[in-house]
>>> print(open('start-v4.cif').read())   # mmCIF, C-alpha atoms
data_protein
loop_
_atom_site.group_PDB
_atom_site.id
_atom_site.type_symbol
_atom_site.label_atom_id
_atom_site.label_comp_id
_atom_site.auth_asym_id
_atom_site.auth_seq_id
_atom_site.Cartn_x
_atom_site.Cartn_y
_atom_site.Cartn_z
ATOM 1 C CA MET A 1 119.725 87.514 88.121
ATOM 2 C CA LEU A 2 118.214 88.568 91.443
ATOM 3 C CA ILE A 3 115.919 91.590 91.263
ATOM 4 C CA LEU A 4 115.856 93.178 94.710
ATOM 5 C CA GLY A 5 113.243 95.828 95.391
ATOM 6 C CA LEU A 6 114.062 98.589 97.873
ATOM 7 C CA THR A 7 111.255 100.674 99.318
ATOM 8 C CA GLY A 8 110.561 102.762 102.392
ATOM 9 C CA ASN A 9 108.626 105.818 103.400
ATOM 10 C CA ILE A 10 109.679 109.434 103.139
ATOM 11 C CA GLY A 11 112.503 110.318 105.535
ATOM 12 C CA CYS A 12 113.497 106.702 106.246
ATOM 13 C CA GLY A 13 116.768 106.917 104.332
ATOM 14 C CA LYS A 14 115.990 104.883 101.236
ATOM 15 C CA SER A 15 118.403 106.953 99.116
ATOM 16 C CA SER A 16 121.237 106.507 101.624
ATOM 17 C CA LEU A 17 120.706 102.752 101.536
ATOM 18 C CA SER A 18 120.505 102.747 97.744
ATOM 19 C CA ASN A 19 123.851 104.599 97.587
ATOM 20 C CA ILE A 20 125.488 101.898 99.727
ATOM 21 C CA PHE A 21 124.348 99.271 97.196
ATOM 22 C CA LYS A 22 125.768 101.437 94.373
ATOM 23 C CA SER A 23 129.099 101.677 96.216
ATOM 24 C CA LYS A 24 129.217 97.850 96.131
ATOM 25 C CA ASN A 25 128.928 97.905 92.323
ATOM 26 C CA ILE A 26 125.296 96.789 92.339
ATOM 27 C CA GLU A 27 123.274 98.321 89.517
ATOM 28 C CA VAL A 28 120.431 100.518 90.779
ATOM 29 C CA ILE A 29 117.292 101.455 88.867
ATOM 30 C CA ASP A 30 116.078 104.596 90.632
ATOM 31 C CA ALA A 31 112.330 105.076 90.193
ATOM 32 C CA ASP A 32 112.577 108.628 91.619
ATOM 33 C CA ILE A 33 115.017 109.672 88.870
ATOM 34 C CA ILE A 34 112.867 107.994 86.225
ATOM 35 C CA SER A 35 109.742 109.706 87.608
ATOM 36 C CA ARG A 36 111.470 113.118 87.453
ATOM 37 C CA ASN A 37 112.684 112.522 83.904
ATOM 38 C CA ILE A 38 109.298 111.447 82.558
ATOM 39 C CA PHE A 39 108.183 115.085 82.725
ATOM 40 C CA GLU A 40 110.514 115.674 79.775
ATOM 41 C CA ASP A 41 107.688 114.002 77.830
ATOM 42 C CA ASN A 42 105.746 117.066 76.662
ATOM 43 C CA LEU A 43 102.496 115.168 76.085
ATOM 44 C CA LEU A 44 102.503 113.893 79.661
ATOM 45 C CA LEU A 45 103.409 117.351 80.956
ATOM 46 C CA GLU A 46 100.437 118.909 79.163
ATOM 47 C CA GLU A 47 98.136 116.242 80.650
ATOM 48 C CA VAL A 48 99.432 117.127 84.123
ATOM 49 C CA PHE A 49 98.889 120.863 83.538
ATOM 50 C CA ASP A 50 95.352 120.173 82.244
ATOM 51 C CA LYS A 51 94.545 118.044 85.279
ATOM 52 C CA PHE A 52 96.147 120.194 88.023
ATOM 53 C CA GLY A 53 95.951 123.738 86.634
ATOM 54 C CA MET A 54 98.361 126.390 85.457
ATOM 55 C CA ASP A 55 99.531 127.275 88.980
ATOM 56 C CA ILE A 56 102.009 124.389 88.692
ATOM 57 C CA LYS A 57 103.445 125.709 85.390
ATOM 58 C CA ARG A 58 106.500 127.938 85.614
ATOM 59 C CA GLU A 59 106.987 130.902 83.280
ATOM 60 C CA ASP A 60 109.493 128.895 81.234
ATOM 61 C CA GLY A 61 106.882 126.154 80.709
ATOM 62 C CA THR A 62 108.459 123.640 83.091
ATOM 63 C CA LEU A 63 106.769 121.938 86.026
ATOM 64 C CA ASP A 64 106.837 123.561 89.474
ATOM 65 C CA ARG A 65 107.337 120.333 91.425
ATOM 66 C CA LYS A 66 106.891 121.954 94.817
ATOM 67 C CA ALA A 67 103.508 123.420 93.825
ATOM 68 C CA LEU A 68 102.393 120.048 92.476
ATOM 69 C CA GLY A 69 103.657 118.339 95.633
ATOM 70 C CA ASN A 70 101.629 120.688 97.827
ATOM 71 C CA ILE A 71 98.478 119.744 95.893
ATOM 72 C CA VAL A 72 98.907 115.971 95.953
ATOM 73 C CA PHE A 73 100.382 115.527 99.435
ATOM 74 C CA ASN A 74 97.257 117.058 100.981
ATOM 75 C CA ASN A 75 94.671 115.356 98.790
ATOM 76 C CA GLU A 76 94.514 111.597 98.332
ATOM 77 C CA GLU A 77 92.232 111.833 95.278
ATOM 78 C CA LYS A 78 94.653 114.216 93.545
ATOM 79 C CA LEU A 79 97.576 111.928 94.413
ATOM 80 C CA ILE A 80 95.737 108.995 92.804
ATOM 81 C CA GLU A 81 95.024 111.125 89.710
ATOM 82 C CA LEU A 82 98.711 112.016 89.376
ATOM 83 C CA ASN A 83 99.783 108.408 89.894
ATOM 84 C CA ASN A 84 97.328 107.237 87.229
ATOM 85 C CA LEU A 85 99.020 109.564 84.739
ATOM 86 C CA THR A 86 102.632 108.889 85.652
ATOM 87 C CA HIS A 87 102.860 105.287 86.877
ATOM 88 C CA PRO A 88 102.342 103.506 83.528
ATOM 89 C CA LYS A 89 105.221 105.542 82.015
ATOM 90 C CA ILE A 90 107.499 104.870 85.004
ATOM 91 C CA TYR A 91 106.662 101.136 84.972
ATOM 92 C CA GLU A 92 107.483 100.916 81.265
ATOM 93 C CA LYS A 93 110.921 102.545 81.783
ATOM 94 C CA ILE A 94 111.771 100.335 84.764
ATOM 95 C CA ILE A 95 110.890 97.114 82.919
ATOM 96 C CA SER A 96 113.015 98.289 79.984
ATOM 97 C CA LYS A 97 115.996 98.822 82.340
ATOM 98 C CA VAL A 98 115.516 95.375 83.929
ATOM 99 C CA LYS A 99 115.646 93.781 80.463
ATOM 100 C CA GLU A 100 118.790 95.767 79.647
ATOM 101 C CA TYR A 101 120.617 94.531 82.786
ATOM 102 C CA ARG A 102 119.432 90.960 82.208
ATOM 103 C CA LEU A 103 121.076 91.035 78.787
ATOM 104 C CA LYS A 104 124.291 92.203 80.479
ATOM 105 C CA HIS A 105 124.128 89.134 82.812
ATOM 106 C CA LYS A 106 124.173 91.094 86.056
ATOM 107 C CA ASP A 107 123.982 89.017 89.270
ATOM 108 C CA ILE A 108 121.933 91.516 91.306
ATOM 109 C CA ILE A 109 120.016 94.638 90.400
ATOM 110 C CA LEU A 110 118.216 96.912 92.819
ATOM 111 C CA ILE A 111 114.963 98.690 91.982
ATOM 112 C CA ASP A 112 114.745 101.682 94.311
ATOM 113 C CA GLY A 113 111.214 103.085 94.556
ATOM 114 C CA ALA A 114 108.923 104.616 97.170
ATOM 115 C CA LEU A 115 105.837 102.984 95.634
ATOM 116 C CA LEU A 116 106.976 99.467 94.726
ATOM 117 C CA ILE A 117 104.150 97.871 96.722
ATOM 118 C CA GLU A 118 101.428 100.350 95.770
ATOM 119 C CA GLY A 119 102.589 100.552 92.140
ATOM 120 C CA GLY A 120 102.330 96.823 91.436
ATOM 121 C CA TYR A 121 106.032 95.930 91.349
ATOM 122 C CA LEU A 122 105.833 92.916 93.672
ATOM 123 C CA ASP A 123 105.495 90.705 90.574
ATOM 124 C CA VAL A 124 108.642 92.289 89.120
ATOM 125 C CA VAL A 125 110.974 91.889 92.117
ATOM 126 C CA ASP A 126 112.250 88.578 93.498
ATOM 127 C CA LYS A 127 112.817 89.911 97.016
ATOM 128 C CA LEU A 128 111.688 93.089 98.784
ATOM 129 C CA LEU A 129 113.786 95.124 101.218
ATOM 130 C CA VAL A 130 111.947 97.712 103.332
ATOM 131 C CA VAL A 131 113.907 100.423 105.159
ATOM 132 C CA THR A 132 112.188 101.814 108.265
ATOM 133 C CA CYS A 133 112.879 104.305 111.027
ATOM 134 C CA ASN A 134 111.108 105.752 114.058
ATOM 135 C CA GLN A 135 108.680 108.580 113.362
ATOM 136 C CA ASP A 136 110.524 111.282 115.344
ATOM 137 C CA ARG A 137 113.652 110.692 113.258
ATOM 138 C CA GLN A 138 111.563 110.562 110.106
ATOM 139 C CA ILE A 139 109.973 113.975 110.855
ATOM 140 C CA GLU A 140 113.375 115.464 111.719
ATOM 141 C CA ARG A 141 114.867 114.289 108.411
ATOM 142 C CA ILE A 142 111.920 115.536 106.320
ATOM 143 C CA GLN A 143 112.014 118.965 108.002
ATOM 144 C CA LYS A 144 115.756 119.274 107.434
ATOM 145 C CA ARG A 145 115.633 118.084 103.822
ATOM 146 C CA ASP A 146 112.498 119.942 102.674
ATOM 147 C CA ASN A 147 112.738 122.964 104.987
ATOM 148 C CA CYS A 148 109.124 122.458 106.082
ATOM 149 C CA THR A 149 107.101 122.566 109.294
ATOM 150 C CA LYS A 150 106.423 119.558 111.513
ATOM 151 C CA ASP A 151 102.775 119.552 110.364
ATOM 152 C CA GLU A 152 103.843 119.532 106.702
ATOM 153 C CA ALA A 153 106.227 116.654 107.408
ATOM 154 C CA LEU A 154 103.457 114.705 109.166
ATOM 155 C CA SER A 155 101.083 115.371 106.270
ATOM 156 C CA ARG A 156 103.619 113.824 103.872
ATOM 157 C CA ILE A 157 104.056 110.795 106.134
ATOM 158 C CA MET A 158 100.291 110.306 106.454
ATOM 159 C CA SER A 159 99.815 110.425 102.658
ATOM 160 C CA GLN A 160 101.775 107.155 102.347
ATOM 161 C CA MET A 161 101.045 103.542 103.223
ATOM 162 C CA SER A 162 102.159 103.020 106.835
ATOM 163 C CA GLN A 163 105.569 101.532 107.594
ATOM 164 C CA GLU A 164 103.868 98.699 109.502
ATOM 165 C CA GLU A 165 101.842 97.794 106.421
ATOM 166 C CA LYS A 166 104.889 97.893 104.130
ATOM 167 C CA VAL A 167 106.872 95.610 106.437
ATOM 168 C CA LYS A 168 104.203 92.908 105.953
ATOM 169 C CA TYR A 169 105.390 92.581 102.335
ATOM 170 C CA ALA A 170 109.114 92.574 103.161
ATOM 171 C CA ASP A 171 111.554 89.714 102.763
ATOM 172 C CA TYR A 172 114.196 91.838 104.502
ATOM 173 C CA THR A 173 113.935 94.940 106.711
ATOM 174 C CA ILE A 174 116.578 97.407 107.854
ATOM 175 C CA ASP A 175 115.911 99.887 110.661
ATOM 176 C CA ASN A 176 117.614 103.200 109.826
ATOM 177 C CA SER A 177 116.735 105.151 112.980
ATOM 178 C CA TYR A 178 120.380 105.729 113.903
ATOM 179 C CA SER A 179 123.674 106.718 112.260
ATOM 180 C CA PHE A 180 124.782 106.271 108.662
ATOM 181 C CA GLU A 181 127.639 104.078 109.927
ATOM 182 C CA GLU A 182 125.130 101.687 111.507
ATOM 183 C CA LEU A 183 123.086 101.656 108.297
ATOM 184 C CA GLU A 184 126.236 100.793 106.352
ATOM 185 C CA ILE A 185 127.036 97.845 108.649
ATOM 186 C CA LYS A 186 123.494 96.450 108.304
ATOM 187 C CA ALA A 187 123.481 96.950 104.522
ATOM 188 C CA ASN A 188 126.860 95.277 104.057
ATOM 189 C CA ARG A 189 125.689 92.270 106.091
ATOM 190 C CA LEU A 190 122.603 91.933 103.905
ATOM 191 C CA ILE A 191 124.598 92.322 100.669
ATOM 192 C CA GLU A 192 126.987 89.562 101.774
ATOM 193 C CA TYR A 193 124.037 87.321 102.706
ATOM 194 C CA ILE A 194 122.384 87.898 99.324
ATOM 195 C CA LYS A 195 125.601 87.228 97.414
ATOM 196 C CA GLU A 196 126.188 83.983 99.326
ATOM 197 C CA ASN A 197 122.629 82.737 98.912
ATOM 198 C CA TRP A 198 121.537 84.068 95.537
ATOM 199 C CA CYS A 199 124.619 84.480 93.358
ATOM 200 C CA GLU A 200 126.825 81.800 91.909
#
>>> encode(input="start-v4.cif", output="structure tokens")
Amino acid sequence: MLILGLTGNIGCGKSSLSNIFKSKNIEVIDADIISRNIFEDNLLLEEVFDKFGMDIKREDGTLDRKALGNIVFNNEEKLIELNNLTHPKIYEKIISKVKEYRLKHKDIILIDGALLIEGGYLDVVDKLLVVTCNQDRQIERIQKRDNCTKDEALSRIMSQMSQEEKVKYADYTIDNSYSFEELEIKANRLIEYIKENWCE
């Protein structure tokens, strides 16, 4: 089984690329979904409230993700604190999913995660795919998706490892600065290459 890691910075179109893999019947382990669902763990949630204050707690007791995001995106120390709480739980769930798919004898699985490099997943994946795009397009996409200012978009970009640094770890890269159709063509080429070279 080939474990392909997919990573890329905010606004580069990682989810769009992940969806193309899904459409080709490739199993995807989505670290973003897992990281959202881990806050269903009440013990972890209480730790997060203790660490970041009650301003991030909604009246119904759930997490105000936007309020938490505003804290960590503007403060590297706070981001590290949050990651230290959440990453071990996310890692555990991802490894469990990998084992599950291995037992089902899947040829290829994709681990889709923004922090595969930073989170220590390079030992888990066999190959790493990094999706990139030019910064103007990145800012435009973040502003449209998150309804935020250009400065807020830039702040989110700057809180991450640079694209140039991520590419140093890549086995494959796809530039997603253009249309979805172009992304699809590039992704399909890569999928065919992987199937020919890695699958029986």
>>> atom_distance(input="start-v4.cif", atom1="atom CA of Ala187 of chain A", atom2="atom CA of Ser159 of chain A")
27.3 Å
>>> resolve_selection(input="start-v4.cif", expression="the PyMOL selection byres ((chain A and resi 44-46) around 12)", output="JSON, numbers by chain")
{"A": [35, 36, 37, 38, 39, 40, 41, 42, 43, 47, 48, 49, 50, 51, 52, 53, 54, 56, 57, 58, 61, 62, 63, 64, 65, 68, 82, 83, 84, 85, 86, 87, 88, 89, 90]}
>>> resolve_selection(input="start-v4.cif", expression="the PyMOL selection byres ((chain A and resi 74) around 10)", output="JSON, numbers by chain")
{"A": [69, 70, 71, 72, 73, 75, 76, 77, 78, 79, 152, 155, 156, 158, 159]}
>>> write_last_selection(input="start-v4.cif", atoms="C-alpha atoms", output="PDB file, in the frame of the given file")
ATOM      1  CA  GLY A  69     103.657 118.339  95.633  1.00  0.00           C
ATOM      2  CA  ASN A  70     101.629 120.688  97.827  1.00  0.00           C
ATOM      3  CA  ILE A  71      98.478 119.744  95.893  1.00  0.00           C
ATOM      4  CA  VAL A  72      98.907 115.971  95.953  1.00  0.00           C
ATOM      5  CA  PHE A  73     100.382 115.527  99.435  1.00  0.00           C
ATOM      6  CA  ASN A  75      94.671 115.356  98.790  1.00  0.00           C
ATOM      7  CA  GLU A  76      94.514 111.597  98.332  1.00  0.00           C
ATOM      8  CA  GLU A  77      92.232 111.833  95.278  1.00  0.00           C
ATOM      9  CA  LYS A  78      94.653 114.216  93.545  1.00  0.00           C
ATOM     10  CA  LEU A  79      97.576 111.928  94.413  1.00  0.00           C
ATOM     11  CA  GLU A 152     103.843 119.532 106.702  1.00  0.00           C
ATOM     12  CA  SER A 155     101.083 115.371 106.270  1.00  0.00           C
ATOM     13  CA  ARG A 156     103.619 113.824 103.872  1.00  0.00           C
ATOM     14  CA  MET A 158     100.291 110.306 106.454  1.00  0.00           C
ATOM     15  CA  SER A 159      99.815 110.425 102.658  1.00  0.00           C
TER      16      SER A 159
END
>>> resolve_selection(input="start-v4.cif", expression="the PyMOL selection byres ((chain A and resi 188) around 12)", output="ChimeraX atom specification")
/A:17-24,26,174,181-187,189-195
>>> residues_near_point(input="start-v4.cif", point="(121.3, 83.1, 94.9)", cutoff="10 Å", atoms="all atoms listed in the file", output="list in words")
Met1, Leu2, Asp107, Ile108, Tyr193, Ile194, Lys195, Glu196, Asn197, Trp198, Cys199 and Glu200 of chain A
>>> write_last_selection(input="start-v4.cif", atoms="C-alpha atoms", output="PDB file, in the frame of the given file")
ATOM      1  CA  MET A   1     119.725  87.514  88.121  1.00  0.00           C
ATOM      2  CA  LEU A   2     118.214  88.568  91.443  1.00  0.00           C
ATOM      3  CA  ASP A 107     123.982  89.017  89.270  1.00  0.00           C
ATOM      4  CA  ILE A 108     121.933  91.516  91.306  1.00  0.00           C
ATOM      5  CA  TYR A 193     124.037  87.321 102.706  1.00  0.00           C
ATOM      6  CA  ILE A 194     122.384  87.898  99.324  1.00  0.00           C
ATOM      7  CA  LYS A 195     125.601  87.228  97.414  1.00  0.00           C
ATOM      8  CA  GLU A 196     126.188  83.983  99.326  1.00  0.00           C
ATOM      9  CA  ASN A 197     122.629  82.737  98.912  1.00  0.00           C
ATOM     10  CA  TRP A 198     121.537  84.068  95.537  1.00  0.00           C
ATOM     11  CA  CYS A 199     124.619  84.480  93.358  1.00  0.00           C
ATOM     12  CA  GLU A 200     126.825  81.800  91.909  1.00  0.00           C
TER      13      GLU A 200
END
